[in-house]
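Asks: Supplied structure: upload04.csv, CSV, C-alpha atoms.
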```csv
chain,number,residue,atom,x,y,z
A,22,MET,CA,120.7,134.3,114.1
A,23,ASN,CA,121.2,130.6,113.6
A,24,SER,CA,118.6,129.1,111.3
A,25,GLU,CA,118.1,126.2,113.7
A,26,GLN,CA,116.5,128.5,116.1
A,27,LEU,CA,114.0,129.6,113.5
A,28,ILE,CA,110.8,128.0,112.2
A,29,ALA,CA,109.1,129.0,108.9
A,30,CYS,CA,105.3,128.9,108.9
A,31,PRO,CA,104.5,126.1,106.4
A,32,VAL,CA,101.6,128.0,105.0
A,33,CYS,CA,102.8,131.6,104.8
A,34,ASP,CA,106.6,131.3,105.2
A,35,ALA,CA,106.8,133.9,108.1
A,36,LEU,CA,109.8,133.3,110.3
A,37,HIS,CA,109.3,132.7,114.0
A,38,ARG,CA,111.7,132.1,116.8
A,39,ASP,CA,111.4,128.5,117.8
A,40,GLN,CA,110.5,128.6,121.5
A,41,LYS,CA,109.6,125.9,124.0
A,42,VAL,CA,105.8,125.6,124.0
A,43,PRO,CA,104.4,124.3,127.3
A,44,PRO,CA,102.1,121.2,127.0
A,45,HIS,CA,98.5,121.7,126.2
A,46,SER,CA,99.0,125.2,124.8
A,47,VAL,CA,98.9,126.1,121.2
A,48,ALA,CA,101.4,128.3,119.3
A,49,ARG,CA,100.0,129.9,116.1
A,50,CYS,CA,101.7,131.7,113.3
A,51,ALA,CA,101.4,135.4,114.1
A,52,ARG,CA,100.5,136.2,110.4
A,53,CYS,CA,98.2,133.5,109.2
A,54,GLY,CA,97.2,131.7,112.4
A,55,THR,CA,98.4,128.2,111.3
A,56,VAL,CA,99.2,126.0,114.3
A,57,LEU,CA,103.0,125.8,114.7
A,58,ALA,CA,103.1,123.7,117.8
A,59,ALA,CA,100.5,122.0,119.9
A,60,PRO,CA,102.3,119.6,122.3
A,61,LYS,CA,100.0,117.4,124.4
A,62,SER,CA,101.2,114.9,126.9
A,63,GLY,CA,100.7,111.4,125.7
A,64,ALA,CA,99.8,112.5,122.1
A,65,MET,CA,102.3,110.2,120.5
A,66,THR,CA,100.9,107.2,122.5
A,67,ARG,CA,97.4,108.2,121.5
A,68,ILE,CA,98.1,108.5,117.8
A,69,ALA,CA,100.1,105.2,117.7
A,70,MET,CA,97.3,103.4,119.5
A,71,LEU,CA,94.6,104.9,117.3
A,72,SER,CA,96.6,104.0,114.2
A,73,LEU,CA,96.9,100.4,115.5
A,74,THR,CA,93.1,100.3,116.1
A,75,ALA,CA,92.5,101.6,112.6
A,76,LEU,CA,94.8,99.0,111.0
A,77,ILE,CA,92.9,96.2,112.9
A,78,LEU,CA,89.6,97.7,111.8
A,79,LEU,CA,90.8,97.8,108.2
A,80,ALA,CA,91.8,94.2,108.3
A,81,ALA,CA,88.4,93.3,109.7
A,82,ALA,CA,86.6,95.4,107.1
A,83,ALA,CA,88.5,93.7,104.3
A,84,SER,CA,87.9,90.1,105.5
A,85,PHE,CA,84.5,89.9,107.2
A,86,PRO,CA,81.1,89.8,105.3
A,87,PHE,CA,80.1,93.4,104.3
A,88,LEU,CA,76.6,93.7,103.0
A,89,GLU,CA,73.8,91.4,101.9
A,90,LEU,CA,70.9,92.2,99.7
A,91,LYS,CA,67.6,90.3,99.8
A,92,ALA,CA,64.7,90.8,97.4
A,93,GLN,CA,62.0,88.6,95.9
A,94,GLY,CA,63.5,85.5,97.4
A,95,LEU,CA,66.9,86.2,95.9
A,96,SER,CA,69.9,87.2,97.9
A,97,HIS,CA,73.4,88.5,97.1
A,98,GLN,CA,76.4,89.0,99.4
A,99,ALA,CA,79.0,91.6,98.7
A,100,SER,CA,82.4,92.0,100.4
A,101,VAL,CA,84.6,95.0,100.3
A,102,LEU,CA,86.7,93.2,97.7
A,103,ASP,CA,83.6,93.0,95.5
A,104,ALA,CA,83.1,96.7,95.8
A,105,VAL,CA,86.8,97.2,94.8
A,106,LEU,CA,86.3,94.8,91.8
A,107,ALA,CA,83.1,96.5,90.7
A,108,PHE,CA,84.9,98.1,87.8
A,109,SER,CA,87.1,95.2,86.9
A,110,LYS,CA,85.2,94.2,83.8
A,111,GLY,CA,86.2,95.8,80.6
A,112,PRO,CA,88.0,99.1,80.0
A,113,MET,CA,87.3,100.4,83.5
A,114,ALA,CA,89.7,98.0,85.2
A,115,PRO,CA,92.2,100.8,86.3
A,116,LEU,CA,89.4,102.3,88.3
A,117,SER,CA,89.2,99.1,90.3
A,118,LEU,CA,92.9,99.4,91.1
A,119,ALA,CA,92.4,103.0,92.2
A,120,THR,CA,89.4,102.1,94.4
A,121,GLY,CA,91.4,99.4,96.1
A,122,LEU,CA,94.2,101.9,96.7
A,123,LEU,CA,91.9,104.6,98.0
A,124,ILE,CA,89.8,102.6,100.4
A,125,VAL,CA,92.1,99.9,101.7
A,126,LEU,CA,95.7,100.0,100.6
A,127,LEU,CA,96.6,103.7,101.1
A,128,PRO,CA,94.8,104.0,104.5
A,129,ALA,CA,96.6,100.8,105.6
A,130,ALA,CA,99.9,102.2,104.3
A,131,ARG,CA,99.3,105.6,106.1
A,132,TYR,CA,98.5,104.0,109.4
A,133,GLY,CA,101.4,101.6,109.1
A,134,ALA,CA,103.7,104.5,108.5
A,135,LEU,CA,102.2,106.4,111.5
A,136,ILE,CA,102.8,103.4,113.8
A,137,TYR,CA,106.3,102.9,112.4
A,138,THR,CA,107.2,106.6,113.2
A,139,LEU,CA,105.3,107.3,116.3
A,140,ALA,CA,105.4,104.0,118.3
A,141,PRO,CA,109.1,104.5,119.1
A,142,MET,CA,108.3,108.1,120.1
A,143,ALA,CA,105.5,106.9,122.4
A,144,LEU,CA,107.9,104.5,124.0
A,145,GLY,CA,110.6,107.1,124.4
A,146,TRP,CA,113.0,105.5,122.0
A,147,ARG,CA,115.1,107.0,119.2
A,148,PRO,CA,113.3,107.2,115.8
A,149,ALA,CA,113.4,104.0,113.8
A,150,PRO,CA,115.6,104.0,110.7
A,151,ARG,CA,114.1,106.1,107.9
A,152,ALA,CA,111.4,107.3,110.3
A,153,PHE,CA,111.6,110.8,108.7
A,154,ALA,CA,110.8,109.4,105.2
A,155,ALA,CA,108.0,107.2,106.6
A,156,TYR,CA,106.3,110.2,108.3
A,157,ARG,CA,106.7,112.3,105.2
A,158,TRP,CA,104.8,109.6,103.3
A,159,ALA,CA,102.2,109.4,106.0
A,160,GLU,CA,101.5,113.1,105.5
A,161,ARG,CA,101.5,112.8,101.7
A,162,LEU,CA,99.1,109.9,101.7
A,163,LYS,CA,96.6,111.6,104.0
A,164,PRO,CA,94.4,113.2,101.3
A,165,TRP,CA,94.4,110.0,99.3
A,166,ALA,CA,93.4,107.7,102.2
A,167,MET,CA,89.6,107.7,101.7
A,168,ALA,CA,88.3,104.9,103.9
A,169,GLU,CA,86.1,107.4,105.8
A,170,ILE,CA,84.7,108.7,102.5
A,171,PHE,CA,83.9,105.2,101.4
A,172,ILE,CA,81.6,104.5,104.4
A,173,ILE,CA,79.6,107.7,103.7
A,174,GLY,CA,79.3,106.4,100.1
A,175,VAL,CA,78.0,103.1,101.5
A,176,ALA,CA,75.4,105.0,103.5
A,177,VAL,CA,74.2,106.9,100.4
A,178,ALA,CA,74.1,103.6,98.4
A,179,LEU,CA,72.1,101.9,101.1
A,180,VAL,CA,69.5,104.6,101.1
A,181,LYS,CA,69.3,104.2,97.3
A,182,VAL,CA,68.5,100.5,97.5
A,183,SER,CA,66.5,100.5,100.7
A,184,GLY,CA,63.3,101.2,98.9
A,185,LEU,CA,63.7,98.2,96.6
A,186,ALA,CA,65.2,95.5,98.7
A,187,GLN,CA,66.2,94.5,102.2
A,188,VAL,CA,69.9,95.1,103.2
A,189,GLY,CA,71.7,93.1,105.8
A,190,LEU,CA,74.8,94.8,107.4
A,191,GLY,CA,77.7,92.5,108.2
A,192,PRO,CA,80.6,93.0,110.7
A,193,ALA,CA,82.7,94.7,108.0
A,194,PHE,CA,80.2,97.5,107.7
A,195,TRP,CA,80.5,98.2,111.4
A,196,ALA,CA,84.3,98.0,111.2
A,197,PHE,CA,84.2,100.7,108.5
A,198,ALA,CA,81.8,102.8,110.6
A,199,ALA,CA,84.2,102.6,113.6
A,200,LEU,CA,87.0,103.4,111.2
A,201,LEU,CA,85.3,106.7,110.4
A,202,VAL,CA,85.4,107.7,114.0
A,203,VAL,CA,89.0,106.5,114.6
A,204,THR,CA,90.2,108.4,111.5
A,205,ILE,CA,88.6,111.6,112.7
A,206,LEU,CA,90.2,111.1,116.2
A,207,THR,CA,93.6,110.3,114.7
A,208,ASP,CA,93.5,113.4,112.4
A,209,ASN,CA,92.6,115.6,115.3
A,210,ALA,CA,95.3,114.2,117.5
A,211,ILE,CA,98.1,114.8,115.0
A,212,CYS,CA,99.9,118.2,115.0
A,213,ARG,CA,102.3,117.9,112.1
A,214,LEU,CA,105.0,120.3,113.2
A,215,THR,CA,105.0,118.9,116.7
A,216,VAL,CA,105.6,115.4,115.4
A,217,TRP,CA,108.5,116.7,113.2
A,218,LYS,CA,110.0,118.6,116.2
A,219,THR,CA,109.7,115.5,118.4
A,220,LEU,CA,111.4,113.4,115.7
A,221,LYS,CA,114.2,116.0,115.4
A,222,THR,CA,114.9,116.3,119.1
A,223,ARG,CA,114.8,112.5,119.6
A,224,SER,CA,117.2,111.8,116.8
A,225,ALA,CA,119.6,114.4,118.1
A,226,SER,CA,119.6,113.1,121.6
B,12,MET,CA,106.0,132.7,119.3
B,13,GLU,CA,107.2,136.1,118.2
B,14,ASN,CA,108.5,137.3,114.9
B,15,PRO,CA,112.1,138.3,114.8
B,16,GLU,CA,111.3,141.4,112.7
B,17,ASN,CA,108.9,144.2,113.7
B,18,PRO,CA,105.3,142.9,114.1
B,19,GLN,CA,103.7,144.8,111.2
B,20,ARG,CA,105.9,143.6,108.4
B,21,PHE,CA,106.6,139.9,108.6
B,22,LEU,CA,110.0,138.7,107.6
B,23,THR,CA,109.6,135.5,105.6
B,24,ALA,CA,112.2,132.8,105.1
B,25,ALA,CA,112.3,133.6,101.4
B,26,ALA,CA,112.8,137.3,102.0
B,27,ALA,CA,115.6,136.5,104.4
B,28,GLY,CA,117.3,134.5,101.6
B,29,MET,CA,116.5,131.1,103.1
B,30,ALA,CA,114.1,128.3,102.2
B,31,GLY,CA,111.3,127.3,104.6
B,32,CYS,CA,110.1,123.7,104.3
B,33,ARG,CA,106.4,123.4,103.7
B,34,ALA,CA,106.2,120.0,105.3
B,35,CYS,CA,108.1,120.5,108.6
B,36,GLY,CA,108.9,124.2,108.9
B,37,THR,CA,112.6,123.8,109.0
B,38,VAL,CA,114.5,126.8,107.8
B,39,ASN,CA,117.1,125.7,105.2
B,40,ALA,CA,119.9,127.5,103.5
B,41,GLY,CA,118.8,129.5,100.5
B,42,GLY,CA,118.9,127.5,97.2
B,43,SER,CA,118.6,124.1,98.9
B,44,ARG,CA,116.7,121.6,96.8
B,45,ALA,CA,115.6,119.3,99.6
B,46,CYS,CA,114.9,119.9,103.2
B,47,ALA,CA,117.8,118.9,105.5
B,48,CYS,CA,115.4,117.7,108.1
B,49,CYS,CA,112.6,115.8,106.4
B,50,GLY,CA,113.9,115.5,102.8
B,51,SER,CA,110.8,117.1,101.2
B,52,PRO,CA,111.6,118.9,97.9
B,53,LEU,CA,111.9,122.7,98.4
B,54,HIS,CA,110.3,124.9,95.7
B,55,PRO,CA,110.5,128.7,95.9
B,56,ALA,CA,107.0,130.2,95.9
B,57,GLY,CA,106.7,131.6,92.4
B,58,PRO,CA,104.5,131.7,89.3
B,59,ALA,CA,106.0,128.4,88.2
B,60,SER,CA,103.8,126.6,90.7
B,61,LEU,CA,100.8,128.3,89.2
B,62,GLN,CA,101.4,126.6,85.8
B,63,ARG,CA,100.9,123.3,87.5
B,64,VAL,CA,97.7,124.5,89.2
B,65,TRP,CA,96.3,125.6,85.8
B,66,ALA,CA,97.4,122.4,84.1
B,67,TRP,CA,95.7,120.1,86.7
B,68,LEU,CA,92.7,122.4,86.8
B,69,ALA,CA,92.2,122.2,83.0
B,70,ALA,CA,92.6,118.4,83.1
B,71,GLY,CA,90.0,118.3,85.9
B,72,LEU,CA,87.6,120.5,83.9
B,73,ILE,CA,88.0,118.4,80.8
B,74,ALA,CA,87.4,115.2,82.7
B,75,TYR,CA,84.3,116.7,84.3
B,76,VAL,CA,82.5,117.1,80.9
B,77,PRO,CA,82.2,113.4,80.0
B,78,ALA,CA,81.4,112.7,83.7
B,79,ASN,CA,78.2,114.6,83.1
B,80,ILE,CA,77.4,113.3,79.6
B,81,TYR,CA,78.0,109.6,79.9
B,82,PRO,CA,75.9,107.3,82.2
B,83,MET,CA,77.2,106.7,85.7
B,84,LEU,CA,75.0,103.6,86.3
B,85,ARG,CA,73.3,101.1,84.1
B,86,THR,CA,70.4,99.3,85.8
B,87,THR,CA,68.7,96.2,84.4
B,88,THR,CA,65.5,95.1,86.0
B,89,PHE,CA,63.6,92.1,84.5
B,90,GLY,CA,65.3,92.6,81.1
B,91,ARG,CA,64.6,96.3,80.9
B,92,SER,CA,67.7,98.4,80.9
B,93,SER,CA,68.0,102.0,82.0
B,94,GLU,CA,70.9,104.4,82.2
B,95,ASN,CA,71.5,107.1,84.8
B,96,THR,CA,73.7,110.2,84.4
B,97,LEU,CA,74.8,112.2,87.4
B,98,ILE,CA,71.8,114.6,87.1
B,99,GLY,CA,69.5,111.7,86.3
B,100,GLY,CA,70.5,109.9,89.5
B,101,ILE,CA,69.7,113.0,91.6
B,102,ALA,CA,66.3,113.5,89.8
B,103,GLU,CA,65.4,109.8,90.6
B,104,LEU,CA,66.3,110.2,94.3
B,105,LEU,CA,64.1,113.3,94.4
B,106,SER,CA,61.2,111.4,92.8
B,107,HIS,CA,61.6,108.7,95.5
B,108,GLY,CA,61.3,111.4,98.1
B,109,SER,CA,64.8,110.9,99.5
B,110,TYR,CA,65.5,114.6,99.7
B,111,ALA,CA,68.4,114.4,102.2
B,112,VAL,CA,70.3,111.9,100.1
B,113,ALA,CA,69.5,113.8,96.9
B,114,LEU,CA,71.0,116.8,98.6
B,115,ILE,CA,74.2,115.0,99.6
B,116,VAL,CA,74.7,113.6,96.1
B,117,PHE,CA,73.9,117.0,94.5
B,118,LEU,CA,76.4,118.7,96.8
B,119,ALA,CA,79.1,116.0,96.2
B,120,SER,CA,78.7,115.7,92.4
B,121,ILE,CA,77.7,119.1,91.2
B,122,VAL,CA,78.1,121.9,93.8
B,123,ILE,CA,81.4,120.9,95.2
B,124,PRO,CA,83.2,120.1,91.9
B,125,VAL,CA,82.0,123.3,90.2
B,126,SER,CA,82.8,125.6,93.2
B,127,LYS,CA,86.2,123.9,93.5
B,128,PHE,CA,87.0,124.8,89.9
B,129,LEU,CA,85.9,128.4,90.5
B,130,ALA,CA,87.7,128.6,93.9
B,131,ILE,CA,91.0,127.2,92.6
B,132,GLY,CA,90.8,129.5,89.5
B,133,TYR,CA,90.1,132.5,91.7
B,134,LEU,CA,93.0,131.7,94.0
B,135,ALA,CA,95.4,131.3,91.1
B,136,VAL,CA,94.2,134.6,89.4
B,137,SER,CA,94.2,136.6,92.7
B,138,VAL,CA,97.9,135.9,93.2
B,139,SER,CA,98.9,138.2,90.4
B,140,ARG,CA,96.1,140.8,90.7
B,141,PRO,CA,94.7,142.8,93.6
B,142,SER,CA,91.7,140.9,94.8
B,143,ALA,CA,88.5,141.7,96.8
B,144,LEU,CA,89.2,139.0,99.3
B,145,GLY,CA,92.0,139.7,101.7
B,146,SER,CA,94.8,137.3,102.5
B,147,HIS,CA,93.0,135.7,105.4
B,148,GLY,CA,89.8,135.2,103.4
B,149,ARG,CA,91.8,133.5,100.6
B,150,LEU,CA,93.6,131.3,103.1
B,151,VAL,CA,90.2,130.1,104.4
B,152,LEU,CA,89.0,129.5,100.8
B,153,TYR,CA,92.2,127.5,100.2
B,154,GLU,CA,91.8,125.4,103.3
B,155,VAL,CA,88.1,124.7,102.5
B,156,VAL,CA,89.0,123.6,99.0
B,157,GLU,CA,91.8,121.3,100.3
B,158,PHE,CA,89.5,119.8,102.9
B,159,ILE,CA,86.4,119.3,100.9
B,160,GLY,CA,87.8,118.2,97.5
B,161,ARG,CA,88.3,114.6,98.4
B,162,TRP,CA,84.7,114.1,99.5
B,163,SER,CA,83.5,114.3,95.9
B,164,MET,CA,84.9,110.8,95.5
B,165,ILE,CA,81.7,109.6,97.3
B,166,ASP,CA,80.0,109.3,93.9
B,167,VAL,CA,82.5,106.8,92.6
B,168,PHE,CA,82.2,104.7,95.7
B,169,VAL,CA,78.4,104.7,95.5
B,170,VAL,CA,78.7,103.3,92.0
B,171,ALA,CA,81.2,100.7,93.2
B,172,ILE,CA,78.9,99.5,96.1
B,173,LEU,CA,75.8,99.4,94.0
B,174,THR,CA,77.5,97.4,91.4
B,175,ALA,CA,78.9,95.0,93.9
B,176,LEU,CA,75.6,94.7,95.9
B,177,VAL,CA,72.8,94.8,93.3
B,178,GLN,CA,73.5,91.6,91.4
B,179,LEU,CA,70.1,89.7,91.7
B,180,ASP,CA,70.4,87.9,88.4
B,181,PHE,CA,67.4,88.6,86.3
B,182,ALA,CA,65.5,90.7,88.9
B,183,ALA,CA,67.9,93.6,89.1
B,184,ALA,CA,71.5,94.2,88.1
B,185,VAL,CA,73.7,97.3,88.2
B,186,SER,CA,76.8,97.9,86.2
B,187,PRO,CA,79.0,101.0,86.2
B,188,GLY,CA,79.1,103.5,83.3
B,189,MET,CA,82.0,105.3,81.8
B,190,ALA,CA,81.2,108.5,83.7
B,191,ALA,CA,82.5,106.8,86.9
B,192,VAL,CA,86.0,106.8,85.4
B,193,SER,CA,86.0,110.4,84.2
B,194,PHE,CA,84.4,111.6,87.4
B,195,ALA,CA,87.1,109.9,89.5
B,196,LEU,CA,89.8,111.4,87.2
B,197,SER,CA,88.2,114.8,87.5
B,198,VAL,CA,88.2,114.6,91.4
B,199,ALA,CA,91.8,113.4,91.4
B,200,PHE,CA,93.0,116.1,89.0
B,201,THR,CA,91.3,118.8,91.0
B,202,MET,CA,92.8,117.5,94.2
B,203,LEU,CA,96.2,117.7,92.5
B,204,ALA,CA,95.5,121.3,91.4
B,205,ALA,CA,94.7,122.3,94.9
B,206,GLN,CA,97.8,120.5,96.2
B,207,SER,CA,99.9,122.3,93.6
B,208,PHE,CA,98.8,125.7,94.7
B,209,ASP,CA,101.4,127.2,97.0
B,210,PRO,CA,99.6,129.1,99.8
B,211,ARG,CA,102.7,131.2,100.4
B,212,LEU,CA,101.7,133.1,97.2
B,213,ILE,CA,98.6,134.3,99.0
B,214,TRP,CA,100.8,136.4,101.2
B,215,THR,CA,103.1,137.7,98.6
B,216,ALA,CA,102.1,141.1,97.2
B,217,PRO,CA,101.3,141.0,93.4
B,218,SER,CA,104.0,143.6,92.8
B,219,GLU,CA,106.7,141.3,94.3
B,220,ILE,CA,105.8,138.5,92.0
B,221,LEU,CA,105.7,140.8,88.9
B,222,ASN,CA,109.1,142.2,89.9
B,223,GLU,CA,110.6,138.8,90.2
B,224,HIS,CA,109.5,137.8,86.7
B,225,PRO,CA,109.1,140.9,84.5
```
In structure tokens, how does this file's structure come out?
Replies:
Amino acid sequence: MNSEQLIACPVCDALHRDQKVPPHSVARCARCGTVLAAPKSGAMTRIAMLSLTALILLAAAASFPFLELKAQGLSHQASVLDAVLAFSKGPMAPLSLATGLLIVLLPAARYGALIYTLAPMALGWRPAPRAFAAYRWAERLKPWAMAEIFIIGVAVALVKVSGLAQVGLGPAFWAFAALLVVTILTDNAICRLTVWKTLKTRSAS
Amino acid sequence: MENPENPQRFLTAAAAGMAGCRACGTVNAGGSRACACCGSPLHPAGPASLQRVWAWLAAGLIAYVPANIYPMLRTTTFGRSSENTLIGGIAELLSHGSYAVALIVFLASIVIPVSKFLAIGYLAVSVSRPSALGSHGRLVLYEVVEFIGRWSMIDVFVVAILTALVQLDFAAAVSPGMAAVSFALSVAFTMLAAQSFDPRLIWTAPSEILNEHP
């Protein structure tokens, strides 16, 4: 049998015959149950649009006022950049770099790569040059893009200070909160193997 | 999708002398070093990948020790300075009556890291030994560890936000402690340990691995 007609389960390596899966049905690995294909009509468009939304929200989160603390007649504003630079004094500076990467730069890179790969798919075009490498990076960055974890951290921090001072929430806070929802929607819409298969068929045609 | 072999014994790409890609599922010719479709590096599932798991896990454990000893936060109110360690922060939340938040922080900074160390260690040991948990159980464990590991980073972000926000000159000021760095490193190292674990080993019988490398 030609190896192009086969697919190996990415989790358990079991070989399966690659068949056409009708839209809105799910093909699972017969041994471990990993989803091998879950084609949905319009999925590429949805992921591309969600990624674009996420990028806009990230840009808003990074530029608008984030939080304001008021207590005993004093007030202090903090932007997302201030949170990133929290560790910049002294020997902890590399942690500032890591925080900036985890909460803004890597999520932005991931969504950028998703748009770059999937927007041509959504429009019915051939994959852009180096789309395969771009999508591989989007998948590799996924665990390190922690914007949605950051907003939960913000919630915990707010509860910690709420007893001592008043906290004002700026537009950037709500942008991050919306980003949490968009991130979950995007991750649920992506079926990795289906994206690879679409990329493969489109570049062959 | 059906399996080309008989349904009880699954034929794997490795057993068929080919190399399955862990990123895109493409079946490559045996001995290929990079996937012909997506370019991901192809590693045969073997005990070599376990060495990386143990190395990252040890690094994560070592970094977790100073994370608990050194202060996470230094708070200065009206000239008086106090330092909070991980456990100290949770105790303070409890004393304020914020039980829900104390629970979240306790889960993220103590329960999840410790159970992650145990789970990854168990997965790595169970590969070469018969284990109580079946393949499916261990796969669920692996997926839970992969999913939940990154959420431990919450603690580091809490420190970052508090430091950025609580800067009211003399009245109250927060600065980060060294534990933030070692905790972040510990989380990152454990994530790398989980990512280094090759789930295909879960499905390989211990005897097969031993035969391969006597």
Asks: For Ile165 (chain B), which residue out of A:Ala196, A:Pro148, A:Lys163, A:Leu123 is the nearest one, using all atoms listed in the file?
Replies: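 Among the listed residues, A:Leu123 lies closest to Ile165 (chain B).
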Asks: Skipping near chain neighbours, those fewer than 6 positions away, what residues fall within 6 Å of region 52-66 of chain A using only C-alpha atoms, listed as a list in words?
Replies: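 Once the adjacent positions are removed, what remains is Pro44, His45, Leu139, Ala143 and Thr215 of chain A.
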Asks: Filtering to C-alpha atoms, could you give me those residues as an mmCIF file, in the coordinates of the input?
Replies:
```cif
data_model
loop_
_atom_site.group_PDB
_atom_site.id
_atom_site.type_symbol
_atom_site.label_atom_id
_atom_site.label_comp_id
_atom_site.auth_asym_id
_atom_site.auth_seq_id
_atom_site.Cartn_x
_atom_site.Cartn_y
_atom_site.Cartn_z
ATOM 1 C CA PRO A 44 102.100 121.200 127.000
ATOM 2 C CA HIS A 45 98.500 121.700 126.200
ATOM 3 C CA LEU A 139 105.300 107.300 116.300
ATOM 4 C CA ALA A 143 105.500 106.900 122.400
ATOM 5 C CA THR A 215 105.000 118.900 116.700
#
```
Asks: Report the closest atom pair, with its distance in Å rounded to one decimal, for each residue of chain A that has an atom no farther than 8 Å from chain B; count all atoms listed in the file, sort by chain and then rising residue number, and write it as a Markdown table.
Replies:
```
| residue | atom | partner | partner_atom | distance |
| --- | --- | --- | --- | --- |
| A:Ser24 | CA | B:Val38 | CA | 5.9 |
| A:Glu25 | CA | B:Val38 | CA | 6.9 |
| A:Leu27 | CA | B:Val38 | CA | 6.4 |
| A:Ile28 | CA | B:Gly36 | CA | 5.4 |
| A:Ala29 | CA | B:Gly36 | CA | 4.8 |
| A:Cys30 | CA | B:Gly36 | CA | 5.9 |
| A:Pro31 | CA | B:Arg33 | CA | 4.3 |
| A:Val32 | CA | B:Pro210 | CA | 5.7 |
| A:Cys33 | CA | B:Arg211 | CA | 4.4 |
| A:Asp34 | CA | B:Thr23 | CA | 5.2 |
| A:Ala35 | CA | B:Thr23 | CA | 4.1 |
| A:Leu36 | CA | B:Thr23 | CA | 5.2 |
| A:His37 | CA | B:Asn14 | CA | 4.8 |
| A:Arg38 | CA | B:Glu13 | CA | 6.2 |
| A:Asp39 | CA | B:Met12 | CA | 7.0 |
| A:Gln40 | CA | B:Met12 | CA | 6.5 |
| A:Ala48 | CA | B:Met12 | CA | 6.4 |
| A:Arg49 | CA | B:Met12 | CA | 7.4 |
| A:Cys50 | CA | B:Met12 | CA | 7.4 |
| A:Ala51 | CA | B:Glu13 | CA | 7.1 |
| A:Arg52 | CA | B:Phe21 | CA | 7.4 |
| A:Cys53 | CA | B:His147 | CA | 6.8 |
| A:Leu88 | CA | B:Leu176 | CA | 7.2 |
| A:Glu89 | CA | B:Leu176 | CA | 7.1 |
| A:Leu90 | CA | B:Leu176 | CA | 6.5 |
| A:Ala92 | CA | B:Leu179 | CA | 7.9 |
| A:Leu95 | CA | B:Leu179 | CA | 6.3 |
| A:Ser96 | CA | B:Leu179 | CA | 6.7 |
| A:His97 | CA | B:Leu179 | CA | 6.4 |
| A:Gln98 | CA | B:Leu176 | CA | 6.7 |
| A:Ala99 | CA | B:Leu176 | CA | 5.4 |
| A:Ser100 | CA | B:Ala175 | CA | 8.0 |
| A:Asp103 | CA | B:Ala175 | CA | 5.4 |
| A:Ala104 | CA | B:Ala175 | CA | 4.9 |
| A:Val105 | CA | B:Ala171 | CA | 6.8 |
| A:Leu106 | CA | B:Ala175 | CA | 7.7 |
| A:Ala107 | CA | B:Ala171 | CA | 5.2 |
| A:Phe108 | CA | B:Pro187 | CA | 6.8 |
| A:Met113 | CA | B:Val192 | CA | 6.8 |
| A:Leu116 | CA | B:Val192 | CA | 6.3 |
| A:Thr120 | CA | B:Phe168 | CA | 7.8 |
| A:Phe153 | CA | B:Cys49 | CA | 5.6 |
| A:Ala154 | CA | B:Cys49 | CA | 6.8 |
| A:Arg157 | CA | B:Cys49 | CA | 7.0 |
| A:Pro164 | CA | B:Arg161 | CA | 6.9 |
| A:Trp165 | CA | B:Arg161 | CA | 7.7 |
| A:Met167 | CA | B:Arg161 | CA | 7.8 |
| A:Ile170 | CA | B:Ile165 | CA | 6.1 |
| A:Phe171 | CA | B:Phe168 | CA | 6.0 |
| A:Ile173 | CA | B:Ile165 | CA | 7.0 |
| A:Gly174 | CA | B:Ile165 | CA | 4.9 |
| A:Val175 | CA | B:Val169 | CA | 6.2 |
| A:Val177 | CA | B:Val112 | CA | 6.3 |
| A:Ala178 | CA | B:Val169 | CA | 5.3 |
| A:Val180 | CA | B:Val112 | CA | 7.4 |
| A:Lys181 | CA | B:Leu104 | CA | 7.3 |
| A:Arg213 | CA | B:Cys35 | CA | 7.3 |
| A:Leu214 | CA | B:Cys35 | CA | 5.6 |
| A:Trp217 | CA | B:Cys35 | CA | 6.0 |
| A:Lys221 | CA | B:Cys48 | CA | 7.6 |
```
Asks: At what distance in Å, to one decimal, does CA of Ala119 (chain A) lie from CA of Ser60 (chain B)?
Replies: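 Distance between the two atoms: 26.3 Å.
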Asks: Using all atoms listed in the file, can you tell me which of A:Ser224, A:Thr138, A:Lys91, A:Val216 comes closest to Val188 (chain A)?
Replies: A:Lys91
Asks: Take the point (111.9, 129.5, 91.6) in the file's coordinates, draw a sphere of radius 12 Å around it, and report as a list in words every protein, DNA or RNA residue with an atom inside or on it, counting only C-alpha atoms.
Replies: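 Protein and nucleic acid residues near the point are Ala25, Ala30, Gly41, Gly42, Ser43, Arg44, Leu53, His54, Pro55, Ala56, Gly57, Pro58, Ala59, Ser60, Leu61, Ile220, Glu223 and His224 of chain B.
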Asks: How many Å separate CA of Ala80 (chain A) from CA of Leu144 (chain A)?
Replies: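 These two atoms are separated by 24.7 Å.
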Asks: Expressed in Å to a single decimal, how great is the separation between CA of Asn209 (chain A) and CA of Leu76 (chain A)?
Replies: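 Distance reported for this atom pair: 17.3 Å.
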Asks: As an mmCIF file with C-alpha atoms, keeping the file's coordinate frame, please: the residues near Ser197 (chain B) (cut-off 8 Å, only C-alpha atoms, same-chain neighbours under 2 positions excluded).
Replies:
```cif
data_model
loop_
_atom_site.group_PDB
_atom_site.id
_atom_site.type_symbol
_atom_site.label_atom_id
_atom_site.label_comp_id
_atom_site.auth_asym_id
_atom_site.auth_seq_id
_atom_site.Cartn_x
_atom_site.Cartn_y
_atom_site.Cartn_z
ATOM 1 C CA ALA B 70 92.600 118.400 83.100
ATOM 2 C CA GLY B 71 90.000 118.300 85.900
ATOM 3 C CA LEU B 72 87.600 120.500 83.900
ATOM 4 C CA ILE B 73 88.000 118.400 80.800
ATOM 5 C CA ALA B 74 87.400 115.200 82.700
ATOM 6 C CA TYR B 75 84.300 116.700 84.300
ATOM 7 C CA SER B 193 86.000 110.400 84.200
ATOM 8 C CA PHE B 194 84.400 111.600 87.400
ATOM 9 C CA ALA B 195 87.100 109.900 89.500
ATOM 10 C CA ALA B 199 91.800 113.400 91.400
ATOM 11 C CA PHE B 200 93.000 116.100 89.000
ATOM 12 C CA THR B 201 91.300 118.800 91.000
#
```
